[in-house]
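Structure data (compact mmCIF, C-alpha atoms) from protein-v4.txt:
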# COMPACT_ATOMS: atom_id res chain seq x y z
CA MET A 1 5.55 -46.23 -5.33
CA ILE A 2 4.83 -42.78 -6.72
CA LYS A 3 6.86 -40.01 -5.06
CA LEU A 4 6.22 -36.33 -5.78
CA PHE A 5 8.21 -33.37 -4.56
CA THR A 6 6.40 -30.09 -5.25
CA ASP A 7 6.14 -26.51 -4.05
CA SER A 8 3.81 -25.53 -1.22
CA ASP A 9 2.17 -22.61 -3.04
CA LEU A 10 -1.03 -22.81 -5.13
CA ASP A 11 0.82 -24.01 -8.23
CA GLY A 12 2.68 -26.69 -6.32
CA ILE A 13 -0.45 -27.84 -4.52
CA GLY A 14 -2.24 -27.97 -7.87
CA CYS A 15 0.39 -30.46 -9.04
CA GLY A 16 -0.21 -32.52 -5.93
CA LEU A 17 -3.96 -32.62 -6.49
CA LEU A 18 -3.47 -33.78 -10.07
CA ALA A 19 -1.05 -36.46 -8.93
CA LYS A 20 -3.58 -37.78 -6.43
CA LEU A 21 -6.24 -37.99 -9.11
CA ALA A 22 -3.88 -39.65 -11.57
CA PHE A 23 -2.16 -42.16 -9.29
CA THR A 24 -4.54 -42.49 -6.29
CA GLU A 25 -1.70 -43.75 -4.09
CA VAL A 26 1.02 -41.11 -4.12
CA ASN A 27 3.49 -39.91 -1.51
CA ILE A 28 3.75 -36.13 -1.69
CA SER A 29 6.30 -33.86 -0.05
CA PHE A 30 5.42 -30.15 -0.15
CA CYS A 31 8.71 -28.27 -0.17
CA SER A 32 10.37 -24.96 -0.89
CA TYR A 33 13.66 -24.40 -2.64
CA ARG A 34 15.13 -23.93 0.86
CA ASN A 35 14.63 -27.58 1.81
CA LEU A 36 14.11 -29.33 -1.53
CA ASP A 37 17.71 -30.49 -1.98
CA GLU A 38 17.90 -31.98 1.49
CA ARG A 39 14.61 -33.86 1.17
CA VAL A 40 15.31 -35.20 -2.32
CA ALA A 41 18.81 -36.31 -1.29
CA GLN A 42 17.42 -38.13 1.74
CA PHE A 43 14.82 -39.86 -0.40
CA LEU A 44 17.40 -41.00 -2.95
CA GLN A 45 19.33 -42.71 -0.16
CA SER A 46 16.27 -44.53 1.15
CA GLU A 47 15.37 -48.13 0.33
CA GLU A 48 11.99 -47.18 -1.14
CA ALA A 49 13.62 -44.95 -3.73
CA ALA A 50 14.95 -47.81 -5.84
CA ASP A 51 11.66 -48.83 -7.46
CA ALA A 52 9.82 -45.53 -7.05
CA MET A 53 8.59 -43.27 -9.84
CA LEU A 54 10.08 -39.89 -8.88
CA TRP A 55 8.47 -36.61 -9.89
CA ILE A 56 9.62 -33.07 -9.08
CA THR A 57 7.31 -30.21 -10.07
CA ASP A 58 7.48 -26.42 -9.75
CA LEU A 59 10.90 -26.55 -8.06
CA ALA A 60 14.47 -27.05 -9.23
CA VAL A 61 17.16 -28.89 -7.28
CA GLY A 62 20.71 -27.61 -6.93
CA LYS A 63 23.73 -28.86 -8.87
CA GLU A 64 24.73 -31.63 -6.46
CA VAL A 65 21.27 -33.19 -6.33
CA GLU A 66 20.87 -32.62 -10.07
CA GLN A 67 23.92 -34.83 -10.60
CA LYS A 68 22.45 -37.52 -8.35
CA LEU A 69 19.22 -37.44 -10.37
CA ALA A 70 21.20 -37.76 -13.59
CA GLU A 71 23.05 -40.78 -12.20
CA ARG A 72 19.75 -42.31 -11.10
CA ALA A 73 18.31 -41.88 -14.60
CA GLU A 74 21.45 -43.42 -16.18
CA ARG A 75 20.95 -46.49 -13.99
CA GLY A 76 17.41 -46.82 -15.31
CA GLY A 77 15.63 -45.21 -12.38
CA HIS A 78 12.60 -43.04 -13.02
CA VAL A 79 13.01 -39.26 -12.85
CA GLN A 80 10.72 -36.57 -14.23
CA VAL A 81 11.22 -32.85 -13.59
CA ILE A 82 8.43 -30.51 -14.74
CA ASP A 83 8.87 -26.78 -14.25
CA HIS A 84 8.16 -23.43 -15.88
CA HIS A 85 10.77 -21.13 -14.33
CA VAL A 86 13.37 -19.72 -16.72
CA THR A 87 16.03 -20.38 -14.10
CA ALA A 88 15.39 -24.13 -14.55
CA LEU A 89 15.73 -24.26 -18.34
CA HIS A 90 19.02 -26.16 -18.10
CA PHE A 91 17.03 -29.27 -17.09
CA ASN A 92 15.87 -29.50 -20.70
CA HIS A 93 19.32 -30.92 -21.48
CA TYR A 94 18.15 -34.15 -19.85
CA PRO A 95 15.56 -36.50 -21.35
CA TRP A 96 13.80 -36.46 -17.98
CA GLY A 97 13.54 -32.67 -17.81
CA TRP A 98 10.61 -30.66 -19.20
CA VAL A 99 10.79 -26.92 -18.53
CA VAL A 100 8.49 -24.68 -20.58
CA PRO A 101 8.01 -21.04 -19.46
CA THR A 102 5.73 -20.23 -22.42
CA GLY A 103 3.51 -22.64 -24.34
CA GLU A 104 3.15 -23.02 -28.10
CA ASP A 105 0.01 -20.90 -27.90
CA GLY A 106 2.08 -17.99 -26.54
CA LYS A 107 0.57 -18.20 -23.07
CA LYS A 108 2.70 -18.36 -19.96
CA THR A 109 2.63 -21.74 -18.31
CA CYS A 110 2.67 -22.93 -14.72
CA ALA A 111 3.76 -26.27 -13.28
CA THR A 112 0.12 -27.34 -12.80
CA SER A 113 -0.78 -26.71 -16.45
CA LEU A 114 2.35 -28.51 -17.68
CA PHE A 115 1.81 -31.45 -15.32
CA TYR A 116 -1.83 -31.65 -16.42
CA ASP A 117 -0.87 -31.78 -20.09
CA HIS A 118 1.78 -34.39 -19.35
CA LEU A 119 -0.55 -36.66 -17.39
CA VAL A 120 -3.25 -36.43 -20.06
CA ARG A 121 -0.72 -37.12 -22.84
CA GLU A 122 0.62 -40.13 -20.96
CA GLY A 123 -2.89 -41.49 -20.47
CA LYS A 124 -2.72 -41.26 -16.69
CA LEU A 125 -5.48 -38.68 -16.34
CA ALA A 126 -8.62 -37.90 -18.33
CA ARG A 127 -9.30 -34.28 -19.21
CA THR A 128 -12.54 -32.88 -17.71
CA GLU A 129 -14.24 -29.48 -17.69
CA ALA A 130 -13.75 -29.23 -13.92
CA LEU A 131 -10.02 -29.93 -14.18
CA ASP A 132 -9.69 -27.59 -17.15
CA ALA A 133 -11.30 -24.80 -15.10
CA PHE A 134 -9.21 -25.47 -11.99
CA VAL A 135 -5.91 -25.69 -13.88
CA GLU A 136 -6.63 -22.48 -15.79
CA LEU A 137 -7.37 -20.61 -12.56
CA VAL A 138 -4.07 -21.80 -11.11
CA ARG A 139 -2.21 -20.85 -14.29
CA GLN A 140 -3.72 -17.38 -14.48
CA TYR A 141 -2.96 -16.69 -10.84
CA ASP A 142 0.62 -17.98 -10.97
CA THR A 143 1.41 -15.97 -14.11
CA TRP A 144 -0.62 -12.94 -12.99
CA GLU A 145 -2.67 -13.10 -16.16
CA TRP A 146 -5.74 -12.91 -13.93
CA GLU A 147 -5.03 -9.22 -13.41
CA GLU A 148 -4.75 -8.52 -17.14
CA ASN A 149 -7.92 -10.52 -17.83
CA GLY A 150 -9.87 -9.30 -14.80
CA ASN A 151 -10.31 -12.92 -13.67
CA ILE A 152 -10.78 -12.27 -9.96
CA GLN A 153 -11.69 -15.92 -9.33
CA ALA A 154 -8.08 -16.94 -9.94
CA LYS A 155 -6.91 -14.63 -7.18
CA ARG A 156 -9.76 -15.78 -4.96
CA LEU A 157 -8.68 -19.38 -5.32
CA ASN A 158 -5.28 -18.44 -3.89
CA ASP A 159 -6.91 -16.34 -1.18
CA LEU A 160 -8.94 -19.38 -0.20
CA LEU A 161 -5.69 -21.31 0.24
CA THR A 162 -4.46 -18.56 2.55
CA ILE A 163 -7.64 -18.68 4.62
CA LEU A 164 -7.99 -22.45 4.89
CA GLY A 165 -4.35 -23.43 5.08
CA LEU A 166 -2.76 -26.26 3.13
CA ASP A 167 -4.46 -29.21 4.86
CA SER A 168 -8.04 -27.90 4.72
CA PHE A 169 -7.57 -26.54 1.20
CA TRP A 170 -6.19 -29.90 0.08
CA GLU A 171 -9.13 -31.81 1.53
CA THR A 172 -11.69 -29.40 0.09
CA MET A 173 -10.20 -29.33 -3.41
CA SER A 174 -9.62 -33.10 -3.48
CA GLU A 175 -13.30 -33.73 -2.88
CA ARG A 176 -14.40 -31.05 -5.33
CA LEU A 177 -12.17 -32.13 -8.20
CA SER A 178 -13.08 -35.80 -7.84
CA SER A 179 -16.83 -35.15 -7.57
CA GLY A 180 -17.37 -34.79 -11.31
CA GLN A 181 -19.26 -31.52 -10.76
CA PRO A 182 -18.35 -28.21 -12.45
CA PHE A 183 -15.61 -26.43 -10.55
CA ALA A 184 -16.77 -23.34 -8.62
CA LEU A 185 -16.40 -21.71 -5.23
CA THR A 186 -19.30 -21.99 -2.79
CA GLU A 187 -21.35 -19.06 -1.45
CA THR A 188 -19.77 -19.53 1.98
CA GLU A 189 -16.30 -19.40 0.46
CA GLU A 190 -17.21 -16.25 -1.47
CA LEU A 191 -18.35 -14.59 1.76
CA LEU A 192 -15.11 -15.54 3.51
CA LEU A 193 -13.15 -14.19 0.57
CA ASP A 194 -14.98 -10.86 0.69
CA MET A 195 -13.89 -10.50 4.30
CA GLU A 196 -10.35 -11.60 3.48
CA GLU A 197 -10.05 -9.03 0.69
CA LYS A 198 -10.75 -6.23 3.15
CA LYS A 199 -8.08 -7.61 5.48
CA ILE A 200 -5.57 -7.77 2.65
CA GLN A 201 -6.20 -4.15 1.68
CA ARG A 202 -5.73 -3.02 5.29
CA TYR A 203 -2.49 -4.97 5.47
CA ILE A 204 -1.21 -3.42 2.25
CA ARG A 205 -2.01 0.10 3.49
CA GLN A 206 -0.13 -0.66 6.71
CA LYS A 207 2.95 -1.97 4.90
CA GLN A 208 2.88 0.90 2.42
CA LYS A 209 3.66 3.24 5.31
CA GLN A 210 6.64 1.08 6.34
CA LEU A 211 8.30 0.80 2.93
CA VAL A 212 11.89 2.08 2.74
CA GLN A 213 14.08 2.43 -0.31
CA ARG A 214 17.75 1.94 -1.05
CA TRP A 215 20.07 1.44 -4.00
CA LEU A 216 21.68 -1.91 -4.80
CA GLY A 217 23.89 -1.58 -7.84
CA ASP A 218 21.84 0.03 -10.59
CA TYR A 219 18.51 -0.80 -8.94
CA CYS A 220 16.41 1.48 -6.75
CA ILE A 221 14.70 -0.99 -4.43
CA GLY A 222 11.79 -0.78 -2.02
CA VAL A 223 12.24 -2.97 1.07
CA VAL A 224 9.53 -3.95 3.55
CA PHE A 225 9.31 -6.52 6.33
CA ALA A 226 6.23 -8.66 5.74
CA GLU A 227 4.85 -12.07 6.59
CA ARG A 228 1.58 -12.34 4.66
CA HIS A 229 -0.05 -11.79 1.27
CA MET A 230 3.32 -11.54 -0.46
CA SER A 231 2.11 -11.66 -4.06
CA GLU A 232 -0.63 -9.07 -3.57
CA LEU A 233 1.61 -6.86 -1.44
CA GLY A 234 4.54 -6.91 -3.83
CA ASN A 235 2.40 -6.27 -6.87
CA MET A 236 0.47 -3.40 -5.27
CA LEU A 237 3.57 -1.70 -3.82
CA SER A 238 5.28 -1.92 -7.20
CA LYS A 239 2.29 -0.19 -8.78
CA ARG A 240 1.93 2.47 -6.10
CA PHE A 241 5.65 3.30 -6.22
CA PRO A 242 6.50 2.99 -9.94
CA HIS A 243 9.79 4.86 -9.46
CA LEU A 244 11.13 1.76 -7.70
CA ASP A 245 12.67 -0.91 -9.90
CA LEU A 246 11.53 -3.73 -7.64
CA ILE A 247 10.07 -4.55 -4.23
CA ALA A 248 11.89 -6.78 -1.73
CA MET A 249 9.71 -8.34 0.99
CA VAL A 250 11.69 -9.74 3.90
CA ASN A 251 10.05 -12.48 5.98
CA MET A 252 12.25 -13.07 9.01
CA GLY A 253 10.03 -15.90 10.21
CA THR A 254 10.64 -18.06 7.14
CA LYS A 255 14.04 -16.45 6.40
CA HIS A 256 12.93 -15.72 2.88
CA ILE A 257 12.99 -12.62 0.65
CA GLY A 258 10.45 -12.23 -2.13
CA PHE A 259 11.10 -9.93 -5.09
CA ARG A 260 8.37 -8.41 -7.26
CA THR A 261 8.28 -5.92 -10.12
CA THR A 262 5.77 -4.63 -12.64
CA HIS A 263 8.44 -3.26 -15.00
CA ASP A 264 9.08 -5.15 -18.23
CA ASP A 265 12.73 -4.03 -18.29
CA VAL A 266 13.50 -5.43 -14.83
CA ASN A 267 14.10 -9.17 -14.41
CA VAL A 268 13.89 -10.10 -10.74
CA ALA A 269 14.74 -13.73 -11.53
CA GLU A 270 18.17 -12.54 -12.66
CA PHE A 271 18.35 -10.21 -9.66
CA ALA A 272 17.59 -13.08 -7.25
CA ARG A 273 20.11 -15.38 -8.94
CA GLN A 274 23.03 -13.32 -7.62
CA PHE A 275 21.85 -14.30 -4.12
CA GLY A 276 21.37 -17.97 -4.92
CA GLY A 277 17.64 -17.64 -5.62
CA GLY A 278 15.47 -17.59 -8.71
CA GLY A 279 11.94 -17.58 -10.06
CA HIS A 280 9.98 -15.65 -12.65
CA PRO A 281 11.08 -12.44 -14.42
CA LYS A 282 8.54 -10.50 -12.34
CA ALA A 283 8.35 -12.66 -9.20
CA SER A 284 11.29 -14.38 -7.56
CA GLY A 285 12.95 -14.94 -4.22
CA CYS A 286 16.00 -15.99 -2.23
CA LEU A 287 17.00 -16.92 1.30
CA VAL A 288 17.99 -14.65 4.15
CA ASP A 289 21.63 -15.66 4.68
CA GLU A 290 25.02 -14.19 5.49
CA THR A 291 24.99 -12.29 2.18
CA THR A 292 21.44 -10.97 2.08
CA PHE A 293 20.94 -10.31 5.81
CA PRO A 294 23.25 -7.24 5.86
CA LEU A 295 21.84 -5.88 2.59
CA PHE A 296 18.13 -6.25 3.26
CA VAL A 297 17.95 -6.19 7.07
CA ILE A 298 20.89 -4.52 8.84
CA GLU A 299 21.41 -1.72 6.32
CA THR A 300 17.71 -1.04 5.71
CA PHE A 301 16.46 -1.28 9.30
CA PRO A 302 17.45 2.29 10.30
CA LEU A 303 16.11 3.88 7.09
CA LEU A 304 13.07 6.14 7.27
CA PRO A 305 10.01 5.20 5.18
CA ILE A 306 9.21 6.65 1.79
CA TYR A 307 7.02 9.74 2.00
CA GLY A 308 3.76 8.67 0.38
CA ASP A 309 2.11 11.08 -2.06
CA ALA A 310 -0.78 13.07 -0.60
CA GLU A 311 -4.01 11.89 -2.21
CA GLN A 312 -6.66 14.35 -1.00
CA ASN A 313 -4.93 17.71 -1.04
CA GLN A 314 -6.94 20.89 -1.53
CA LEU A 315 -4.00 23.30 -1.61
CA ASN A 316 -0.75 21.62 -2.66
CA LYS A 317 -1.58 19.98 -5.99
CA ARG A 318 0.52 18.72 -8.86
CA ASP A 319 -0.79 21.41 -11.19
CA GLY A 320 -0.49 24.21 -8.62
CA ALA A 321 -0.52 27.66 -10.22
CA GLU A 322 2.49 28.83 -8.17
CA GLY A 323 4.24 25.47 -7.95
CA THR A 324 4.08 22.21 -6.04
CA PHE A 325 5.80 21.26 -2.79
CA TRP A 326 7.57 17.92 -2.23
CA THR A 327 9.17 16.60 0.94
CA ASN A 328 10.49 13.47 2.63
CA HIS A 329 10.78 12.10 6.15
CA HIS A 330 14.25 13.66 6.49
CA GLY A 331 12.77 17.16 6.48
CA GLN A 332 14.04 18.10 3.02
CA TRP A 333 11.79 20.28 0.85
CA TRP A 334 11.51 21.10 -2.85
CA LEU A 335 9.25 23.30 -4.97
CA SER A 336 8.56 22.29 -8.56
CA ARG A 337 7.04 24.42 -11.29
CA HIS A 338 6.53 24.44 -15.05
CA THR A 339 8.60 26.97 -16.99
CA GLU A 340 9.55 27.60 -20.60
CA GLN A 341 12.77 25.72 -19.85
CA GLY A 342 10.90 22.63 -18.69
CA TRP A 343 9.95 21.24 -15.30
CA ILE A 344 12.18 22.87 -12.66
CA VAL A 345 12.79 21.55 -9.15
CA TYR A 346 14.15 23.98 -6.55
CA ALA A 347 15.78 22.63 -3.40
CA ASP A 348 14.77 24.64 -0.34
CA GLU A 349 17.99 24.65 1.66
CA GLU A 350 20.61 24.34 -1.10
CA GLY A 351 18.84 26.75 -3.41
CA GLU A 352 19.83 24.58 -6.37
CA ALA A 353 17.57 24.27 -9.40
CA HIS A 354 17.31 21.11 -11.47
CA ALA A 355 15.67 21.16 -14.90
CA PHE A 356 13.86 18.21 -16.50
CA PRO A 357 12.15 17.86 -19.88
CA ASP A 358 8.86 16.89 -18.27
CA GLU A 359 7.13 16.39 -14.94
CA ALA A 360 7.36 12.60 -15.01
CA SER A 361 11.16 12.51 -15.28
CA GLY A 362 11.53 15.20 -12.60
CA GLU A 363 9.21 13.41 -10.19
CA ARG A 364 11.03 10.13 -10.81
CA TRP A 365 14.35 11.81 -9.97
CA LEU A 366 12.99 13.30 -6.75
CA LYS A 367 11.60 9.98 -5.61
CA ARG A 368 14.54 7.79 -6.56
CA GLN A 369 17.18 10.11 -5.13
CA PHE A 370 15.42 11.37 -2.00
CA ALA A 371 12.42 9.07 -1.30
CA ALA A 372 10.28 12.20 -1.55
CA GLY A 373 6.57 12.54 -2.16
CA LEU A 374 3.87 15.09 -2.84
CA ALA A 375 3.66 16.98 0.46
CA HIS A 376 0.41 16.85 2.43
CA ASP A 377 -1.48 20.13 2.87
CA GLU A 378 -0.98 20.20 6.64
CA ALA A 379 2.76 19.64 6.27
CA VAL A 380 2.98 22.44 3.69
CA LEU A 381 1.09 24.86 5.94
CA GLN A 382 3.42 24.07 8.83
CA PHE A 383 6.47 24.44 6.57
CA LEU A 384 5.36 27.82 5.21
CA SER A 385 4.35 29.00 8.68
CA THR A 386 7.87 28.34 9.91
CA ARG A 387 9.66 29.74 6.86
CA LEU A 388 7.49 32.88 6.61
CA ALA A 389 6.89 33.39 10.35
CA ARG A 390 3.17 33.59 9.72
CA ASP A 391 0.11 31.94 11.25
CA LYS A 392 -1.07 28.81 9.46
CA ALA A 393 -4.64 30.07 9.32
CA ASP A 394 -3.52 33.22 7.47
CA ILE A 395 -1.50 31.15 5.02
CA GLN A 396 -4.42 28.83 4.35
CA ALA A 397 -6.75 31.79 3.78
CA ASP A 398 -4.56 33.08 0.94
CA TYR A 399 -2.42 30.13 -0.01
CA LEU A 400 -1.25 31.30 -3.45
CA ALA A 401 -0.05 34.62 -2.03
CA ALA A 402 1.89 32.73 0.65
CA VAL A 403 3.60 30.56 -1.97
CA LYS A 404 4.54 33.72 -3.91
CA GLN A 405 6.01 35.16 -0.72
CA TYR A 406 8.04 31.99 -0.18
CA LYS A 407 9.38 32.19 -3.73
CA GLN A 408 10.37 35.81 -3.25
CA GLN A 409 12.07 35.04 0.05
CA THR A 410 14.07 32.17 -1.40
CA GLY A 411 14.91 33.91 -4.64
CA ILE A 412 13.00 31.52 -6.86
CA GLU A 413 12.36 33.15 -10.21
CA LEU A 414 8.75 34.38 -10.49

Mind turning the file's structure into structure tokens?
Amino acid sequence: MIKLFTDSDLDGIGCGLLAKLAFTEVNISFCSYRNLDERVAQFLQSEEAADAMLWITDLAVGKEVEQKLAERAERGGHVQVIDHHVTALHFNHYPWGWVVPTGEDGKKTCATSLFYDHLVREGKLARTEALDAFVELVRQYDTWEWEENGNIQAKRLNDLLTILGLDSFWETMSERLSSGQPFALTETEELLLDMEEKKIQRYIRQKQKQLVQRWLGDYCIGVVFAERHMSELGNMLSKRFPHLDLIAMVNMGTKHIGFRTTHDDVNVAEFARQFGGGGHPKASGCLVDETTFPLFVIETFPLLPIYGDAEQNQLNKRDGAEGTFWTNHHGQWWLSRHTEQGWIVYADEEGEAHAFPDEASGERWLKRQFAAGLAHDEAVLQFLSTRLARDKADIQADYLAAVKQYKQQTGIEL
């Protein structure tokens, strides 16, 4: 009997498809790190486990089950763990562990690419152009190289999994990979994916407006409640809010928290490890439990969203001649301007001035400390109308003069 435990994402499913091609008759359990230990432990206690060839790909068991696997191997039982996560490197201490985050060619690996190489090396699977193409798409998506390379087909393969679901995707890919034909998506699938891409972008825009931020230790974190398109959502939010160290996406349905970052100096695998999770340096996760529930749900639920930067302003612009207005959802306001002393930020109510060497560092401070953003024109007009006791239409007609008046009223140096 061939028994495979693997993840239920694209990389894990890729391992399953390769196993089916290599062994024909294989019993596959698609798991997550939430239920992997329980399922593996149950299997080890079953009668069928004694003579089975046991494979675990793209997931790492906990310490107790790890010890049981080691005892099984010492008794002569078959065990093979294949993974690419840095948090699983300790399995390389065993002869039955093979964990390689980066290949000899310098490219990041995935479980599917490692499993493919292993099966070919062991003579259990013949390399083909179709399999080469499929495995590379999975690898580029799982490592996010597709974005660097502009390989949209890698992302589309994962989107197709989202649309079809595991069962239909499995059936479709099984037939395609065993057909002997070059691997490609069909015209119908491409059409479905075009529609799905529009849905994903709408979902991201919706969640962008719900993002809150908080500090956890030395990290400024964006937190959002989400159930779909986690990889795309986390990556896009991290790009749109670069002042945040990482994005935490809380899925209360699956009781899982996904962490994403685009910063090279932030390791979310290490961040997740403190909560019993793990993963990649830029993509990881953990469970919602008695430790994480207060931090990412109870304490963040009452927070107001980040004020998103205005994108189509005609009046309040970053390079405004008289300065630029910033605000947040708490009703706090700031005016920034370039001076000989650097980039100065004036707080409206406190009257304090903060100097920064450049605009980037000043903007980062405003956003990290106050969840502020570039104020929208309409909000600025309303703010100045209230502060100057003037009609908004008059202010809009001579905006620069109104900003000068505000600066005079508040004592900001002209």

Please provide the set of residues having any atom within 12 Å of region 234-238 of chain A, restricted to all atoms listed in the file, with same-chain residues fewer than 5 positions apart removed, written as a JSON list (two decimals) with C-alpha atoms, in the frame of the given file.
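In the end it all went to out.json:
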[["chain", "number", "residue", "atom", "x", "y", "z"],
["A", 144, "TRP", "CA", -0.62, -12.94, -12.99],
["A", 147, "GLU", "CA", -5.03, -9.22, -13.41],
["A", 200, "ILE", "CA", -5.57, -7.77, 2.65],
["A", 201, "GLN", "CA", -6.20, -4.15, 1.68],
["A", 203, "TYR", "CA", -2.49, -4.97, 5.47],
["A", 204, "ILE", "CA", -1.21, -3.42, 2.25],
["A", 205, "ARG", "CA", -2.01, 0.10, 3.49],
["A", 206, "GLN", "CA", -0.13, -0.66, 6.71],
["A", 207, "LYS", "CA", 2.95, -1.97, 4.90],
["A", 208, "GLN", "CA", 2.88, 0.90, 2.42],
["A", 209, "LYS", "CA", 3.66, 3.24, 5.31],
["A", 210, "GLN", "CA", 6.64, 1.08, 6.34],
["A", 211, "LEU", "CA", 8.30, 0.80, 2.93],
["A", 212, "VAL", "CA", 11.89, 2.08, 2.74],
["A", 213, "GLN", "CA", 14.08, 2.43, -0.31],
["A", 220, "CYS", "CA", 16.41, 1.48, -6.75],
["A", 221, "ILE", "CA", 14.70, -0.99, -4.43],
["A", 222, "GLY", "CA", 11.79, -0.78, -2.02],
["A", 223, "VAL", "CA", 12.24, -2.97, 1.07],
["A", 224, "VAL", "CA", 9.53, -3.95, 3.55],
["A", 225, "PHE", "CA", 9.31, -6.52, 6.33],
["A", 226, "ALA", "CA", 6.23, -8.66, 5.74],
["A", 227, "GLU", "CA", 4.85, -12.07, 6.59],
["A", 228, "ARG", "CA", 1.58, -12.34, 4.66],
["A", 229, "HIS", "CA", -0.05, -11.79, 1.27],
["A", 243, "HIS", "CA", 9.79, 4.86, -9.46],
["A", 244, "LEU", "CA", 11.13, 1.76, -7.70],
["A", 245, "ASP", "CA", 12.67, -0.91, -9.90],
["A", 246, "LEU", "CA", 11.53, -3.73, -7.64],
["A", 247, "ILE", "CA", 10.07, -4.55, -4.23],
["A", 248, "ALA", "CA", 11.89, -6.78, -1.73],
["A", 249, "MET", "CA", 9.71, -8.34, 0.99],
["A", 250, "VAL", "CA", 11.69, -9.74, 3.90],
["A", 257, "ILE", "CA", 12.99, -12.62, 0.65],
["A", 258, "GLY", "CA", 10.45, -12.23, -2.13],
["A", 259, "PHE", "CA", 11.10, -9.93, -5.09],
["A", 260, "ARG", "CA", 8.37, -8.41, -7.26],
["A", 261, "THR", "CA", 8.28, -5.92, -10.12],
["A", 262, "THR", "CA", 5.77, -4.63, -12.64],
["A", 263, "HIS", "CA", 8.44, -3.26, -15.00],
["A", 266, "VAL", "CA", 13.50, -5.43, -14.83],
["A", 282, "LYS", "CA", 8.54, -10.50, -12.34],
["A", 283, "ALA", "CA", 8.35, -12.66, -9.20],
["A", 284, "SER", "CA", 11.29, -14.38, -7.56],
["A", 285, "GLY", "CA", 12.95, -14.94, -4.22],
["A", 306, "ILE", "CA", 9.21, 6.65, 1.79],
["A", 308, "GLY", "CA", 3.76, 8.67, 0.38]]

Query - Counting all atoms listed in the file, the option among A:Leu287, A:Ala70, A:Met53, A:Leu10 closest to Leu160 (chain A) - result: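 Closest candidate: A:Leu10.
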
Query - d(CA of Glu136 (chain A), CA of Pro182 (chain A)) in Å - result: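 Taking CA of Glu136 (chain A) as the start and CA of Pro182 (chain A) as the end point, the length is 13.5 Å.
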
**Report entry** Residue among A:Glu359, A:Glu187, A:Glu322, A:Asp9 lying closest to Lys404 (chain A), counting all atoms listed in the file
**Finding:**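 Using all atoms listed in the file, Lys404 (chain A) sits closest to A:Glu322.
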
Query raised in the report: Using all atoms listed in the file, which of the listed residues (A:Asp398, A:Lys407, A:Leu18, A:Pro357) sits closest to Trp334 (chain A)?
Result: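 The answer is A:Lys407, which sits nearest to Trp334 (chain A).
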
**Report entry** Selected residue of minimal separation from Asn251 (chain A) among A:Phe296, A:Trp146, A:Phe275, A:Phe5, counting all atoms listed in the file
**Finding:** A:Phe296

Query raised in the report: If you measure from CA of Asp394 (chain A) to CA of Ile344 (chain A), what distance in Å do you get, rounded to one decimal?
Result: 27.5 Å

Emit as JSON the padded axis-aligned box for all listed atoms of region 20-28 of chain A, 3 Å per side, with centre and edge lengths in Å to one decimal.
{"center_x": -1.2, "center_y": -39.9, "center_z": -6.5, "size_x": 16.0, "size_y": 13.6, "size_z": 16.1}

Requested in this report: Quick one: pull the distance between CA of Gly323 (chain A) and CA of Ala353 (chain A), Å, one decimal.
Outcome: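 A separation of 13.5 Å between them.
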
Counting only C-alpha atoms, select every polymer residue within 12 Å of (6.3, 23.5, -16.9) as defined in the file's coordinates, and provide the selection as a PDB file with C-alpha atoms, keeping the file's coordinate frame.
ATOM      1  CA  ARG A 318       0.520  18.720  -8.860  1.00  0.00           C
ATOM      2  CA  ASP A 319      -0.790  21.410 -11.190  1.00  0.00           C
ATOM      3  CA  GLY A 320      -0.490  24.210  -8.620  1.00  0.00           C
ATOM      4  CA  ALA A 321      -0.520  27.660 -10.220  1.00  0.00           C
ATOM      5  CA  GLU A 322       2.490  28.830  -8.170  1.00  0.00           C
ATOM      6  CA  GLY A 323       4.240  25.470  -7.950  1.00  0.00           C
ATOM      7  CA  THR A 324       4.080  22.210  -6.040  1.00  0.00           C
ATOM      8  CA  SER A 336       8.560  22.290  -8.560  1.00  0.00           C
ATOM      9  CA  ARG A 337       7.040  24.420 -11.290  1.00  0.00           C
ATOM     10  CA  HIS A 338       6.530  24.440 -15.050  1.00  0.00           C
ATOM     11  CA  THR A 339       8.600  26.970 -16.990  1.00  0.00           C
ATOM     12  CA  GLU A 340       9.550  27.600 -20.600  1.00  0.00           C
ATOM     13  CA  GLN A 341      12.770  25.720 -19.850  1.00  0.00           C
ATOM     14  CA  GLY A 342      10.900  22.630 -18.690  1.00  0.00           C
ATOM     15  CA  TRP A 343       9.950  21.240 -15.300  1.00  0.00           C
ATOM     16  CA  ILE A 344      12.180  22.870 -12.660  1.00  0.00           C
ATOM     17  CA  VAL A 345      12.790  21.550  -9.150  1.00  0.00           C
ATOM     18  CA  ALA A 355      15.670  21.160 -14.900  1.00  0.00           C
ATOM     19  CA  PHE A 356      13.860  18.210 -16.500  1.00  0.00           C
ATOM     20  CA  PRO A 357      12.150  17.860 -19.880  1.00  0.00           C
ATOM     21  CA  ASP A 358       8.860  16.890 -18.270  1.00  0.00           C
ATOM     22  CA  GLU A 359       7.130  16.390 -14.940  1.00  0.00           C
ATOM     23  CA  ALA A 360       7.360  12.600 -15.010  1.00  0.00           C
ATOM     24  CA  GLY A 362      11.530  15.200 -12.600  1.00  0.00           C
TER      25      GLY A 362
END

**Report entry** Selected residue of minimal separation from Leu185 (chain A) among A:Ala130, A:Met1, A:Met230, A:Val65, counting all atoms listed in the file
**Finding:** A:Ala130

Requested in this report: For region 61-64 of chain A, please output as a PyMOL selection string all residues within 8 Å (counting all atoms listed in the file; exclusion window: fewer than 4 positions along the same chain).
Outcome: chain A and resi 33+36-37+68
